[in-house]
file entry_13.pdb (PDB, C-alpha atoms and all ligand atoms)
ATOM      1  CA  MET A   1      20.512 -35.987 -13.644
ATOM      2  CA  GLY A   2      17.205 -37.144 -15.159
ATOM      3  CA  LEU A   3      15.177 -35.134 -17.638
ATOM      4  CA  ARG A   4      12.296 -34.798 -15.201
ATOM      5  CA  PHE A   5      14.613 -33.466 -12.482
ATOM      6  CA  LYS A   6      16.111 -30.852 -14.822
ATOM      7  CA  TYR A   7      12.701 -29.801 -16.053
ATOM      8  CA  ASN A   8      11.326 -29.465 -12.520
ATOM      9  CA  ILE A   9      14.298 -27.435 -11.344
ATOM     10  CA  VAL A  10      13.819 -24.940 -14.203
ATOM     11  CA  LEU A  11      10.054 -24.842 -13.585
ATOM     12  CA  LEU A  12      10.553 -24.306  -9.862
ATOM     13  CA  LEU A  13      13.032 -21.467 -10.405
ATOM     14  CA  ALA A  14      10.794 -19.753 -12.964
ATOM     15  CA  CYS A  15       7.795 -20.005 -10.616
ATOM     16  CA  ALA A  16       9.739 -18.769  -7.583
ATOM     17  CA  VAL A  17      10.962 -15.734  -9.551
ATOM     18  CA  GLY A  18       7.479 -15.153 -11.038
ATOM     19  CA  ILE A  19       5.689 -15.361  -7.683
ATOM     20  CA  THR A  20       8.243 -13.115  -5.949
ATOM     21  CA  VAL A  21       8.123 -10.430  -8.649
ATOM     22  CA  ALA A  22       4.299 -10.519  -8.930
ATOM     23  CA  THR A  23       3.886 -10.334  -5.160
ATOM     24  CA  ALA A  24       6.339  -7.466  -4.783
ATOM     25  CA  ILE A  25       4.653  -5.496  -7.587
ATOM     26  CA  SER A  26       1.177  -6.128  -6.157
ATOM     27  CA  TYR A  27       2.323  -5.117  -2.655
ATOM     28  CA  VAL A  28       3.681  -1.816  -3.970
ATOM     29  CA  ILE A  29       0.555  -1.077  -6.065
ATOM     30  CA  VAL A  30      -1.945  -2.043  -3.363
ATOM     31  CA  ARG A  31      -0.038  -0.060  -0.753
ATOM     32  CA  LYS A  32       0.002   2.992  -2.994
ATOM     33  CA  THR A  33      -3.750   2.729  -3.631
ATOM     34  CA  ALA A  34      -4.448   2.221   0.084
ATOM     35  CA  VAL A  35      -2.337   5.282   0.965
ATOM     36  CA  GLN A  36      -4.327   7.301  -1.581
ATOM     37  CA  GLU A  37      -7.576   6.141   0.033
ATOM     38  CA  VAL A  38      -6.363   7.133   3.513
ATOM     39  CA  GLU A  39      -5.263  10.506   2.095
ATOM     40  CA  GLN A  40      -8.734  10.931   0.617
ATOM     41  CA  SER A  41     -10.337  10.321   4.051
ATOM     42  CA  ILE A  42      -7.928  12.872   5.524
ATOM     43  CA  ASN A  43      -8.925  15.407   2.835
ATOM     44  CA  LEU A  44     -12.602  14.926   3.740
ATOM     45  CA  LEU A  45     -11.872  15.388   7.440
ATOM     46  CA  ARG A  46      -9.919  18.535   6.688
ATOM     47  CA  ALA A  47     -12.748  19.931   4.559
ATOM     48  CA  ASN A  48     -15.164  19.200   7.393
ATOM     49  CA  ALA A  49     -12.936  20.859  10.019
ATOM     50  CA  THR A  50     -12.592  23.909   7.776
ATOM     51  CA  ALA A  51     -16.379  24.064   7.360
ATOM     52  CA  VAL A  52     -16.819  23.928  11.144
ATOM     53  CA  ARG A  53     -14.278  26.734  11.478
ATOM     54  CA  SER A  54     -16.035  29.042   9.041
ATOM     55  CA  TYR A  55     -19.485  28.220  10.500
ATOM     56  CA  THR A  56     -18.195  29.176  13.935
ATOM     57  CA  LEU A  57     -16.591  32.373  12.674
ATOM     58  CA  ASN A  58     -19.537  33.498  10.539
ATOM     59  CA  ASN A  59     -22.531  32.245  12.538
ATOM     60  CA  ILE A  60     -21.571  31.696  16.160
ATOM     61  CA  ASP A  61     -18.959  34.374  16.841
ATOM     62  CA  PRO A  62     -21.244  37.335  15.893
ATOM     63  CA  LEU A  63     -23.933  36.035  18.265
ATOM     64  CA  LEU A  64     -21.586  35.815  21.235
ATOM     65  CA  SER A  65     -19.287  38.777  20.577
ATOM     66  CA  ASP A  66     -21.147  41.185  22.842
ATOM     67  CA  ASN A  67     -20.182  39.139  25.865
ATOM     68  CA  GLY A  68     -16.475  39.213  24.931
ATOM     69  CA  ASP A  69     -15.477  41.634  27.627
ATOM     70  CA  ILE A  70     -17.193  39.912  30.514
ATOM     71  CA  LEU A  71     -17.500  36.297  29.658
ATOM     72  CA  PHE A  72     -15.196  34.383  27.388
ATOM     73  CA  LEU A  73     -16.855  31.434  25.683
ATOM     74  CA  PRO A  74     -14.354  29.122  23.987
ATOM     75  CA  GLU A  75     -17.285  27.704  21.953
ATOM     76  CA  LYS A  76     -17.057  30.663  19.582
ATOM     77  CA  ILE A  77     -13.379  30.021  18.832
ATOM     78  CA  THR A  78     -12.925  28.443  15.402
ATOM     79  CA  SER A  79     -10.147  26.062  16.378
ATOM     80  CA  PHE A  80     -11.936  25.120  19.608
ATOM     81  CA  ALA A  81     -15.069  24.270  17.595
ATOM     82  CA  ALA A  82     -13.137  22.257  15.009
ATOM     83  CA  ARG A  83     -11.358  20.309  17.743
ATOM     84  CA  SER A  84     -14.548  19.688  19.750
ATOM     85  CA  VAL A  85     -16.377  18.371  16.667
ATOM     86  CA  PHE A  86     -13.398  16.149  15.939
ATOM     87  CA  ASP A  87     -13.430  14.826  19.531
ATOM     88  CA  THR A  88     -17.030  13.655  18.984
ATOM     89  CA  PHE A  89     -16.037  12.139  15.640
ATOM     90  CA  ASN A  90     -13.176  10.364  17.451
ATOM     91  CA  GLU A  91     -15.629   8.493  19.662
ATOM     92  CA  GLU A  92     -16.579   6.490  16.595
ATOM     93  CA  PHE A  93     -13.255   6.654  14.726
ATOM     94  CA  PRO A  94     -10.531   6.859  17.378
ATOM     95  CA  GLU A  95      -7.781   6.026  14.882
ATOM     96  CA  PHE A  96      -7.772   9.531  13.332
ATOM     97  CA  ARG A  97      -6.081  12.531  14.971
ATOM     98  CA  TYR A  98      -6.603  16.233  14.474
ATOM     99  CA  LYS A  99      -4.456  19.083  15.653
ATOM    100  CA  GLU A 100      -4.240  22.782  14.936
ATOM    101  CA  ALA A 101      -0.638  23.620  15.627
ATOM    102  CA  ALA A 102       0.842  27.115  15.597
ATOM    103  CA  LEU A 103       4.431  28.258  16.064
ATOM    104  CA  ASN A 104       3.210  30.762  18.669
ATOM    105  CA  PRO A 105       0.007  29.157  19.940
ATOM    106  CA  THR A 106      -2.673  30.663  22.183
ATOM    107  CA  ASN A 107      -3.154  27.311  23.836
ATOM    108  CA  PRO A 108       0.184  25.652  24.775
ATOM    109  CA  ALA A 109      -1.380  22.294  23.879
ATOM    110  CA  ASP A 110      -1.175  23.455  20.248
ATOM    111  CA  LEU A 111       2.617  23.720  20.286
ATOM    112  CA  PRO A 112       3.986  21.787  17.309
ATOM    113  CA  ASN A 113       6.423  18.896  17.656
ATOM    114  CA  ALA A 114       9.631  18.820  15.589
ATOM    115  CA  LEU A 115       7.969  17.392  12.471
ATOM    116  CA  GLU A 116       5.002  19.774  12.707
ATOM    117  CA  THR A 117       7.346  22.755  13.163
ATOM    118  CA  ASP A 118       9.245  21.676  10.077
ATOM    119  CA  MET A 119       6.004  21.402   8.081
ATOM    120  CA  ILE A 120       4.822  24.868   9.211
ATOM    121  CA  GLU A 121       8.222  26.344   8.302
ATOM    122  CA  GLN A 122       7.916  24.801   4.841
ATOM    123  CA  PHE A 123       4.475  26.400   4.385
ATOM    124  CA  ARG A 124       5.850  29.760   5.523
ATOM    125  CA  ALA A 125       8.773  29.497   3.086
ATOM    126  CA  ASP A 126       6.596  28.506   0.126
ATOM    127  CA  PRO A 127       3.088  30.055   0.115
ATOM    128  CA  SER A 128       2.086  27.991  -2.964
ATOM    129  CA  LEU A 129       2.384  24.769  -0.943
ATOM    130  CA  GLU A 130      -1.122  23.440  -0.186
ATOM    131  CA  ARG A 131      -0.347  20.255   1.688
ATOM    132  CA  ILE A 132       2.534  18.166   2.989
ATOM    133  CA  ALA A 133       2.215  14.436   3.634
ATOM    134  CA  ALA A 134       4.640  12.303   5.624
ATOM    135  CA  GLU A 135       4.780   8.790   7.007
ATOM    136  CA  VAL A 136       5.725   8.953  10.666
ATOM    137  CA  GLU A 137       6.959   6.167  12.952
ATOM    138  CA  THR A 138       5.781   6.489  16.556
ATOM    139  CA  ASP A 139       5.675   4.197  19.584
ATOM    140  CA  GLU A 140       2.064   3.469  18.685
ATOM    141  CA  GLY A 141       2.929   2.422  15.135
ATOM    142  CA  SER A 142       3.306   4.284  11.882
ATOM    143  CA  PHE A 143       0.983   7.085  10.827
ATOM    144  CA  LEU A 144       0.242   8.965   7.653
ATOM    145  CA  THR A 145       0.323  12.637   8.616
ATOM    146  CA  VAL A 146      -0.989  15.331   6.301
ATOM    147  CA  ALA A 147      -0.635  19.038   7.070
ATOM    148  CA  PHE A 148      -2.557  21.963   5.560
ATOM    149  CA  PRO A 149      -1.464  25.586   6.139
ATOM    150  CA  VAL A 150      -3.456  27.975   8.352
ATOM    151  CA  THR A 151      -3.010  31.469   6.981
ATOM    152  CA  ILE A 152      -4.591  34.623   8.398
ATOM    153  CA  TYR A 153      -6.844  35.884   5.607
ATOM    154  CA  GLN A 154      -9.495  37.646   7.696
ATOM    155  CA  GLU A 155      -9.089  40.844   9.690
ATOM    156  CA  GLY A 156     -11.412  39.321  12.280
ATOM    157  CA  CYS A 157      -8.733  36.844  13.363
ATOM    158  CA  LEU A 158      -6.505  39.711  14.423
ATOM    159  CA  ARG A 159      -9.026  40.851  17.017
ATOM    160  CA  CYS A 160      -7.761  38.034  19.225
ATOM    161  CA  HIS A 161      -4.378  37.216  17.716
ATOM    162  CA  SER A 162      -2.626  40.573  17.093
ATOM    163  CA  ASP A 163      -2.329  42.566  20.306
ATOM    164  CA  PRO A 164      -3.391  41.572  23.842
ATOM    165  CA  ASP A 165      -4.633  45.159  24.368
ATOM    166  CA  ILE A 166      -7.373  44.797  21.769
ATOM    167  CA  ALA A 167      -8.160  41.148  22.530
ATOM    168  CA  PRO A 168     -11.241  40.346  24.658
ATOM    169  CA  PRO A 169     -10.032  40.875  28.255
ATOM    170  CA  ALA A 170     -11.732  37.689  29.388
ATOM    171  CA  MET A 171      -9.728  35.770  26.813
ATOM    172  CA  VAL A 172      -6.486  37.379  27.989
ATOM    173  CA  ASP A 173      -7.423  36.441  31.561
ATOM    174  CA  LEU A 174      -7.859  32.862  30.532
ATOM    175  CA  TYR A 175      -4.959  32.386  28.092
ATOM    176  CA  GLY A 176      -2.546  35.112  29.213
ATOM    177  CA  SER A 177      -1.002  37.846  27.094
ATOM    178  CA  GLU A 178       2.180  36.038  26.122
ATOM    179  CA  ASN A 179       1.101  33.532  23.513
ATOM    180  CA  GLY A 180      -0.964  33.558  20.355
ATOM    181  CA  PHE A 181      -0.449  37.264  19.586
ATOM    182  CA  GLY A 182       1.545  39.203  17.007
ATOM    183  CA  TRP A 183       0.074  37.322  14.063
ATOM    184  CA  GLN A 184      -0.049  39.292  10.786
ATOM    185  CA  LEU A 185      -2.563  39.402   7.978
ATOM    186  CA  GLY A 186      -1.419  37.019   5.205
ATOM    187  CA  GLU A 187       0.962  35.205   7.550
ATOM    188  CA  THR A 188       0.932  31.410   7.732
ATOM    189  CA  VAL A 189       0.848  30.906  11.482
ATOM    190  CA  GLY A 190       0.302  27.210  11.770
ATOM    191  CA  ALA A 191      -1.184  24.118  10.214
ATOM    192  CA  GLN A 192      -4.133  21.785  10.444
ATOM    193  CA  ILE A 193      -2.546  18.397  10.967
ATOM    194  CA  ILE A 194      -4.494  15.193  10.471
ATOM    195  CA  SER A 195      -3.060  11.709  11.047
ATOM    196  CA  ALA A 196      -4.359   8.260  10.233
ATOM    197  CA  PRO A 197      -2.656   4.988  11.186
ATOM    198  CA  MET A 198      -0.775   3.166   8.456
ATOM    199  CA  ALA A 199      -1.648  -0.166  10.069
ATOM    200  CA  LEU A 200      -4.826  -0.262   7.957
ATOM    201  CA  VAL A 201      -2.772   0.294   4.820
ATOM    202  CA  GLU A 202      -0.146  -2.328   5.671
ATOM    203  CA  GLU A 203      -2.832  -4.844   6.545
ATOM    204  CA  ARG A 204      -4.615  -4.348   3.212
ATOM    205  CA  ALA A 205      -1.380  -4.631   1.200
ATOM    206  CA  ARG A 206      -0.381  -7.779   3.113
ATOM    207  CA  GLU A 207      -3.799  -9.437   2.701
ATOM    208  CA  THR A 208      -3.763  -8.836  -1.054
ATOM    209  CA  ALA A 209      -0.198 -10.151  -1.325
ATOM    210  CA  ILE A 210      -1.168 -13.333   0.558
ATOM    211  CA  ILE A 211      -4.199 -13.926  -1.693
ATOM    212  CA  LEU A 212      -2.017 -13.404  -4.757
ATOM    213  CA  VAL A 213       0.734 -15.759  -3.529
ATOM    214  CA  SER A 214      -1.845 -18.445  -2.701
ATOM    215  CA  GLY A 215      -3.468 -18.102  -6.138
ATOM    216  CA  LEU A 216      -0.149 -18.205  -7.965
ATOM    217  CA  ALA A 217       1.087 -21.131  -5.833
ATOM    218  CA  PHE A 218      -2.082 -23.063  -6.695
ATOM    219  CA  VAL A 219      -1.628 -22.377 -10.429
ATOM    220  CA  PHE A 220       2.032 -23.395 -10.139
ATOM    221  CA  LEU A 221       1.069 -26.656  -8.441
ATOM    222  CA  LEU A 222      -1.435 -27.377 -11.206
ATOM    223  CA  VAL A 223       1.171 -26.638 -13.902
ATOM    224  CA  PHE A 224       3.687 -28.780 -12.007
ATOM    225  CA  VAL A 225       1.399 -31.831 -11.741
ATOM    226  CA  LEU A 226      -0.042 -31.592 -15.278
ATOM    227  CA  THR A 227       3.284 -31.026 -17.044
ATOM    228  CA  ASN A 228       4.916 -33.844 -15.045
ATOM    229  CA  LEU A 229       2.114 -36.220 -16.030
ATOM    230  CA  MET A 230       2.433 -35.149 -19.666
ATOM    231  CA  LEU A 231       6.205 -35.427 -19.594
ATOM    232  CA  ALA A 232       5.965 -38.973 -18.212
ATOM    233  CA  ARG A 233       3.291 -40.079 -20.679
ATOM    234  CA  ILE A 234       4.504 -38.398 -23.844
ATOM    235  CA  VAL A 235       8.278 -38.433 -23.446
ATOM    236  CA  LEU A 236       9.785 -40.322 -20.539
ATOM    237  CA  ARG A 237       7.891 -43.628 -20.676
ATOM    238  CA  PRO A 238       8.245 -44.134 -24.486
ATOM    239  CA  VAL A 239      11.910 -43.091 -24.413
ATOM    240  CA  ARG A 240      12.575 -45.519 -21.565
ATOM    241  CA  ARG A 241      10.926 -48.368 -23.532
ATOM    242  CA  MET A 242      12.854 -47.514 -26.679
ATOM    243  CA  SER A 243      16.063 -47.402 -24.733
ATOM    244  CA  THR A 244      15.379 -50.904 -23.298
ATOM    245  CA  VAL A 245      14.793 -52.233 -26.834
ATOM    246  CA  ALA A 246      17.903 -50.409 -28.143
ATOM    247  CA  GLU A 247      19.957 -51.869 -25.312
ATOM    248  CA  LYS A 248      18.971 -55.457 -26.226
ATOM    249  CA  VAL A 249      19.291 -54.933 -29.977
ATOM    250  CA  SER A 250      22.719 -53.378 -29.545
ATOM    251  CA  MET A 251      23.819 -56.632 -27.923
ATOM    252  CA  GLY A 252      22.451 -58.709 -30.812
ATOM    253  CA  ASP A 253      19.258 -59.813 -29.050
ATOM    254  CA  PHE A 254      16.399 -59.399 -31.518
ATOM    255  CA  SER A 255      13.914 -61.473 -29.522
ATOM    256  CA  ILE A 256      12.406 -58.390 -27.841
ATOM    257  CA  ASP A 257       9.189 -57.006 -29.393
ATOM    258  CA  GLU A 258       9.259 -53.863 -31.464
ATOM    259  CA  TYR A 259       7.892 -50.796 -29.697
ATOM    260  CA  ARG A 260       5.748 -48.364 -31.663
ATOM    261  CA  LYS A 261       4.561 -45.310 -29.785
ATOM    262  CA  PRO A 262       0.993 -44.465 -30.817
ATOM    263  CA  GLY A 263       0.297 -40.956 -32.144
ATOM    264  CA  LYS A 264       2.012 -38.614 -34.572
ATOM    265  CA  ASP A 265       4.411 -36.622 -32.458
ATOM    266  CA  GLU A 266       8.213 -36.520 -32.711
ATOM    267  CA  ILE A 267       8.690 -39.423 -30.278
ATOM    268  CA  SER A 268       6.268 -41.549 -32.354
ATOM    269  CA  SER A 269       8.212 -40.874 -35.548
ATOM    270  CA  LEU A 270      11.435 -41.605 -33.662
ATOM    271  CA  SER A 271       9.999 -44.982 -32.627
ATOM    272  CA  ILE A 272       9.047 -45.743 -36.255
ATOM    273  CA  SER A 273      12.527 -44.746 -37.503
ATOM    274  CA  PHE A 274      14.104 -46.800 -34.771
ATOM    275  CA  ASN A 275      12.086 -49.875 -35.717
ATOM    276  CA  ARG A 276      13.070 -49.415 -39.356
ATOM    277  CA  MET A 277      16.723 -49.167 -38.388
ATOM    278  CA  ARG A 278      16.404 -52.237 -36.222
ATOM    279  CA  ARG A 279      14.937 -54.239 -39.120
ATOM    280  CA  SER A 280      17.738 -53.123 -41.444
ATOM    281  CA  LEU A 281      20.256 -54.083 -38.833
ATOM    282  CA  GLU A 282      18.605 -57.470 -38.344
ATOM    283  CA  ARG A 283      18.681 -58.093 -42.087
ATOM    284  CA  ALA A 284      22.319 -57.048 -42.335
ATOM    285  CA  MET A 285      23.251 -59.316 -39.445
ATOM    286  CA  SER A 286      21.477 -62.294 -40.994
ATOM    287  CA  MET A 287      23.329 -61.686 -44.280
ATOM    288  CA  ILE A 288      26.633 -61.700 -42.436
ATOM    289  CA  ASP A 289      25.635 -64.926 -40.631
ATOM    290  CA  VAL A 290      24.986 -66.584 -44.013
TER     291      VAL A 290
HETATM  292  C1  LIG A 301     -12.514  35.650  19.770
HETATM  293  C2  LIG A 301     -11.130  35.467  19.721
HETATM  294  C3  LIG A 301     -10.546  34.706  18.540
HETATM  295  C4  LIG A 301     -10.755  34.913  17.222
HETATM  296  C5  LIG A 301     -11.634  35.941  16.562
HETATM  297  C6  LIG A 301      -9.927  33.936  16.520
HETATM  298  N1  LIG A 301      -9.257  33.175  17.421
HETATM  299 FE1  LIG A 301      -7.981  31.737  16.980
HETATM  300  N2  LIG A 301      -7.891  31.201  18.917
HETATM  301  C7  LIG A 301      -8.476  31.903  19.962
HETATM  302  C8  LIG A 301      -8.266  31.172  21.176
HETATM  303  C9  LIG A 301      -8.742  31.589  22.550
HETATM  304  C10 LIG A 301      -7.575  30.017  20.840
HETATM  305  C11 LIG A 301      -7.167  28.868  21.769
HETATM  306  C12 LIG A 301      -8.305  27.858  21.761
HETATM  307  C13 LIG A 301      -7.999  26.614  22.548
HETATM  308  O1  LIG A 301      -8.083  26.617  23.758
HETATM  309  O2  LIG A 301      -7.661  25.644  21.900
HETATM  310  C14 LIG A 301      -7.351  30.068  19.415
HETATM  311  C15 LIG A 301      -6.652  29.102  18.700
HETATM  312  C16 LIG A 301      -6.350  29.215  17.363
HETATM  313  C17 LIG A 301      -5.499  28.291  16.661
HETATM  314  C18 LIG A 301      -4.821  27.053  17.239
HETATM  315  C19 LIG A 301      -3.444  27.389  17.722
HETATM  316  C20 LIG A 301      -3.428  28.173  18.987
HETATM  317  O3  LIG A 301      -3.204  29.384  18.906
HETATM  318  O4  LIG A 301      -3.666  27.582  20.073
HETATM  319  C21 LIG A 301      -5.425  28.719  15.376
HETATM  320  C22 LIG A 301      -4.632  28.078  14.241
HETATM  321  C23 LIG A 301      -6.238  29.874  15.282
HETATM  322  N3  LIG A 301      -6.781  30.167  16.499
HETATM  323  C24 LIG A 301      -6.425  30.577  14.122
HETATM  324  C25 LIG A 301      -7.392  31.561  14.020
HETATM  325  C26 LIG A 301      -7.800  32.114  12.753
HETATM  326  C27 LIG A 301      -7.241  31.719  11.399
HETATM  327  C28 LIG A 301      -8.782  32.999  13.022
HETATM  328  C29 LIG A 301      -9.578  33.817  12.066
HETATM  329  C30 LIG A 301     -10.273  33.063  11.056
HETATM  330  C31 LIG A 301      -8.972  33.017  14.476
HETATM  331  N4  LIG A 301      -8.103  32.136  15.032
HETATM  332  C32 LIG A 301      -9.844  33.833  15.142
HETATM  333  C33 LIG A 301      -9.140  33.092  19.847
HETATM  334  C34 LIG A 301      -9.607  33.611  18.675
END

call {"tool": "encode", "arguments": {"input": "entry_13.pdb", "output": "structure tokens"}}
result
Amino acid sequence: MGLRFKYNIVLLLACAVGITVATAISYVIVRKTAVQEVEQSINLLRANATAVRSYTLNNIDPLLSDNGDILFLPEKITSFAARSVFDTFNEEFPEFRYKEAALNPTNPADLPNALETDMIEQFRADPSLERIAAEVETDEGSFLTVAFPVTIYQEGCLRCHSDPDIAPPAMVDLYGSENGFGWQLGETVGAQIISAPMALVEERARETAIILVSGLAFVFLLVFVLTNLMLARIVLRPVRRMSTVAEKVSMGDFSIDEYRKPGKDEISSLSISFNRMRRSLERAMSMIDV
């Protein structure tokens, strides 16, 4: 096995390990950063939905309350407003999803799925919990889902969510008297749940990994070519010439020219030492011949 072959095998192994480790680390870091960015977008959307809720409760509801008994306008409902604003937002950004789920919802469409129920139960068990994030696999791909608790802090909520007898009759007509009642002050009844697709995150992490692999592969190729050229010029070629000379001299043929490698490196000094040895040998041989 030649020197060059051994050297290249070691170089190849080192580069393969280096590229794999660097790519894996970059993938993990980029993915983490991308997840944080998606979470940040979700936080903004949640803040916006909450702002729409309180605007509806404080500014719209008082204006329309007088009509409560005769005409029920869903527009004054906080969760209806938040969802409607989000629907408009979805026209431009369809990849995000918003849901206000409750364990005992007024609108059956707000019934939580298994994961959402679990998240709401966690909020109910631990009131200090402010958010829960989870990566969810669905038929449409994987999503980052973040839930925020909905807790009844205002008495006003109980006007429609405590007892059907005190709720606006028009609302009871529309939604029935079975669901969305019996909520208590201070109780966490549900959660705002916002999802964003992880496809964006995966794509970003993959793109960065590909750029990194290409860059590292290019550097490796450069190192490979340059070190092979250097190895041939500085070590292999001179050693091969010296070995040819040594071969002849060892068989008593001194007709071949001396080889002196230019420069001051170790191979050069080896060539000088070798020539000196050869001359001594030649002299010794000629003395024997005499
Ligand atoms: C005027 C009556 C009314 C008031 C006041 C009201 N809600 Fe509602 N709420 C509703 C109705 C009706 C719905 C169903 C809306 C729909 O069709 O999505 C609803 C839906 C919700 C939902 C979504 C889950 C579900 O039940 O379908 C949550 C969460 C919610 N309300 C919380 C609150 C909170 C918190 C307050 C107080 C800040 C509040 N509501 C005040 C009538 C009311």

call {"tool": "resolve_selection", "arguments": {"input": "entry_13.pdb", "expression": "the PyMOL selection byres (((chain A and resi 143-149) around 10) and not hetatm)", "output": "PyMOL selection string"}}
result
chain A and resi 35+38-39+42-43+46+95-102+115-116+119-124+127+129-138+140-142+150-152+188-201

call {"tool": "closest_atom_pairs", "arguments": {"input": "entry_13.pdb", "of": "chain A", "to": "ligand LIG 301 (chain A)", "cutoff": "8 Å", "atoms": "all atoms listed in the file", "output": "CSV"}}
result
residue,atom,partner,partner_atom,distance
A:Arg53,CA,A:LIG301,C30,7.5
A:Ser54,CA,A:LIG301,C30,7.3
A:Leu57,CA,A:LIG301,C30,6.6
A:Asp61,CA,A:LIG301,C1,7.2
A:Ser65,CA,A:LIG301,C1,7.5
A:Gly68,CA,A:LIG301,C1,7.4
A:Pro74,CA,A:LIG301,C9,6.3
A:Lys76,CA,A:LIG301,C1,6.7
A:Ile77,CA,A:LIG301,C34,5.2
A:Thr78,CA,A:LIG301,N4,6.1
A:Ser79,CA,A:LIG301,C16,5.0
A:Phe80,CA,A:LIG301,O2,4.9
A:Arg83,CA,A:LIG301,O2,7.7
A:Glu100,CA,A:LIG301,C18,4.9
A:Ala101,CA,A:LIG301,C19,5.1
A:Ala102,CA,A:LIG301,C19,4.8
A:Asn104,CA,A:LIG301,O3,6.6
A:Pro105,CA,A:LIG301,O3,3.4
A:Thr106,CA,A:LIG301,O3,3.6
A:Asn107,CA,A:LIG301,O4,3.8
A:Pro108,CA,A:LIG301,O4,6.4
A:Ala109,CA,A:LIG301,O4,6.9
A:Asp110,CA,A:LIG301,O4,4.8
A:Leu111,CA,A:LIG301,O4,7.4
A:Val150,CA,A:LIG301,C22,6.0
A:Thr151,CA,A:LIG301,C27,6.1
A:Ile152,CA,A:LIG301,C27,4.9
A:Tyr153,CA,A:LIG301,C30,7.0
A:Gln154,CA,A:LIG301,C30,5.7
A:Glu155,CA,A:LIG301,C29,7.4
A:Gly156,CA,A:LIG301,C5,5.5
A:Cys157,CA,A:LIG301,C29,3.4
A:Leu158,CA,A:LIG301,C5,6.7
A:Arg159,CA,A:LIG301,C5,5.6
A:Cys160,CA,A:LIG301,C2,4.3
A:His161,CA,A:LIG301,N1,6.3
A:Ala167,CA,A:LIG301,C2,7.0
A:Pro168,CA,A:LIG301,C1,6.9
A:Met171,CA,A:LIG301,C9,6.1
A:Tyr175,CA,A:LIG301,C9,6.8
A:Asn179,CA,A:LIG301,O3,7.5
A:Gly180,CA,A:LIG301,O3,5.0
A:Val189,CA,A:LIG301,C22,6.8
A:Gly190,CA,A:LIG301,C22,5.6
A:Ala191,CA,A:LIG301,C22,6.6
A:Gln192,CA,A:LIG301,C22,7.4

call {"tool": "residues_around", "arguments": {"input": "entry_13.pdb", "residues": "range 226-240 of chain A", "least_positions_apart": "6", "cutoff": "8 Å", "atoms": "only C-alpha atoms", "output": "ChimeraX atom specification"}}
result
/A:4,261,267

call {"tool": "atom_distance", "arguments": {"input": "entry_13.pdb", "atom1": "CA of Ser255 in chain A", "atom2": "CA of Phe274 in chain A"}}
result
15.6 Å

call {"tool": "atom_distance", "arguments": {"input": "entry_13.pdb", "atom1": "CA of Phe181 in chain A", "atom2": "CA of Ser162 in chain A"}}
result
4.7 Å

call {"tool": "atom_distance", "arguments": {"input": "entry_13.pdb", "atom1": "CA of Asp173 in chain A", "atom2": "CA of Leu64 in chain A"}}
result
17.5 Å

call {"tool": "closest_residue", "arguments": {"input": "entry_13.pdb", "among": "A:Ala34, A:Cys15, A:Leu281, A:Val85", "to": "Ala49 in chain A", "atoms": "all atoms listed in the file"}}
result
A:Val85

call {"tool": "axis_aligned_box", "arguments": {"input": "entry_13.pdb", "around": "range 152-167 of chain A", "padding_each_side": "3 Å", "output": "lines of an AutoDock Vina configuration file"}}
result
center_x = -6.9
center_y = 39.9
center_z = 15.0
size_x = 15.1
size_y = 16.5
size_z = 24.8

call {"tool": "closest_residue", "arguments": {"input": "entry_13.pdb", "among": "A:Asn90, A:Thr244, A:Thr23, A:Thr208", "to": "Asp257 in chain A", "atoms": "all atoms listed in the file"}}
result
A:Thr244

call {"tool": "closest_residue", "arguments": {"input": "entry_13.pdb", "among": "A:Trp183, A:Phe220, A:Tyr27, A:Tyr7", "to": "Arg206 in chain A", "atoms": "only C-alpha atoms"}}
result
A:Tyr27

call {"tool": "residues_around", "arguments": {"input": "entry_13.pdb", "residues": "Thr20 in chain A", "least_positions_apart": "2", "cutoff": "12 Å", "atoms": "only C-alpha atoms", "output": "tab-separated table (two decimals) with C-alpha atoms, in the frame of the given file"}}
result
chain	number	residue	atom	x	y	z
A	13	LEU	CA	13.03	-21.47	-10.40
A	14	ALA	CA	10.79	-19.75	-12.96
A	15	CYS	CA	7.80	-20.00	-10.62
A	16	ALA	CA	9.74	-18.77	-7.58
A	17	VAL	CA	10.96	-15.73	-9.55
A	18	GLY	CA	7.48	-15.15	-11.04
A	22	ALA	CA	4.30	-10.52	-8.93
A	23	THR	CA	3.89	-10.33	-5.16
A	24	ALA	CA	6.34	-7.47	-4.78
A	25	ILE	CA	4.65	-5.50	-7.59
A	26	SER	CA	1.18	-6.13	-6.16
A	27	TYR	CA	2.32	-5.12	-2.66
A	209	ALA	CA	-0.20	-10.15	-1.32
A	210	ILE	CA	-1.17	-13.33	0.56
A	212	LEU	CA	-2.02	-13.40	-4.76
A	213	VAL	CA	0.73	-15.76	-3.53
A	214	SER	CA	-1.84	-18.44	-2.70
A	216	LEU	CA	-0.15	-18.20	-7.96
A	217	ALA	CA	1.09	-21.13	-5.83
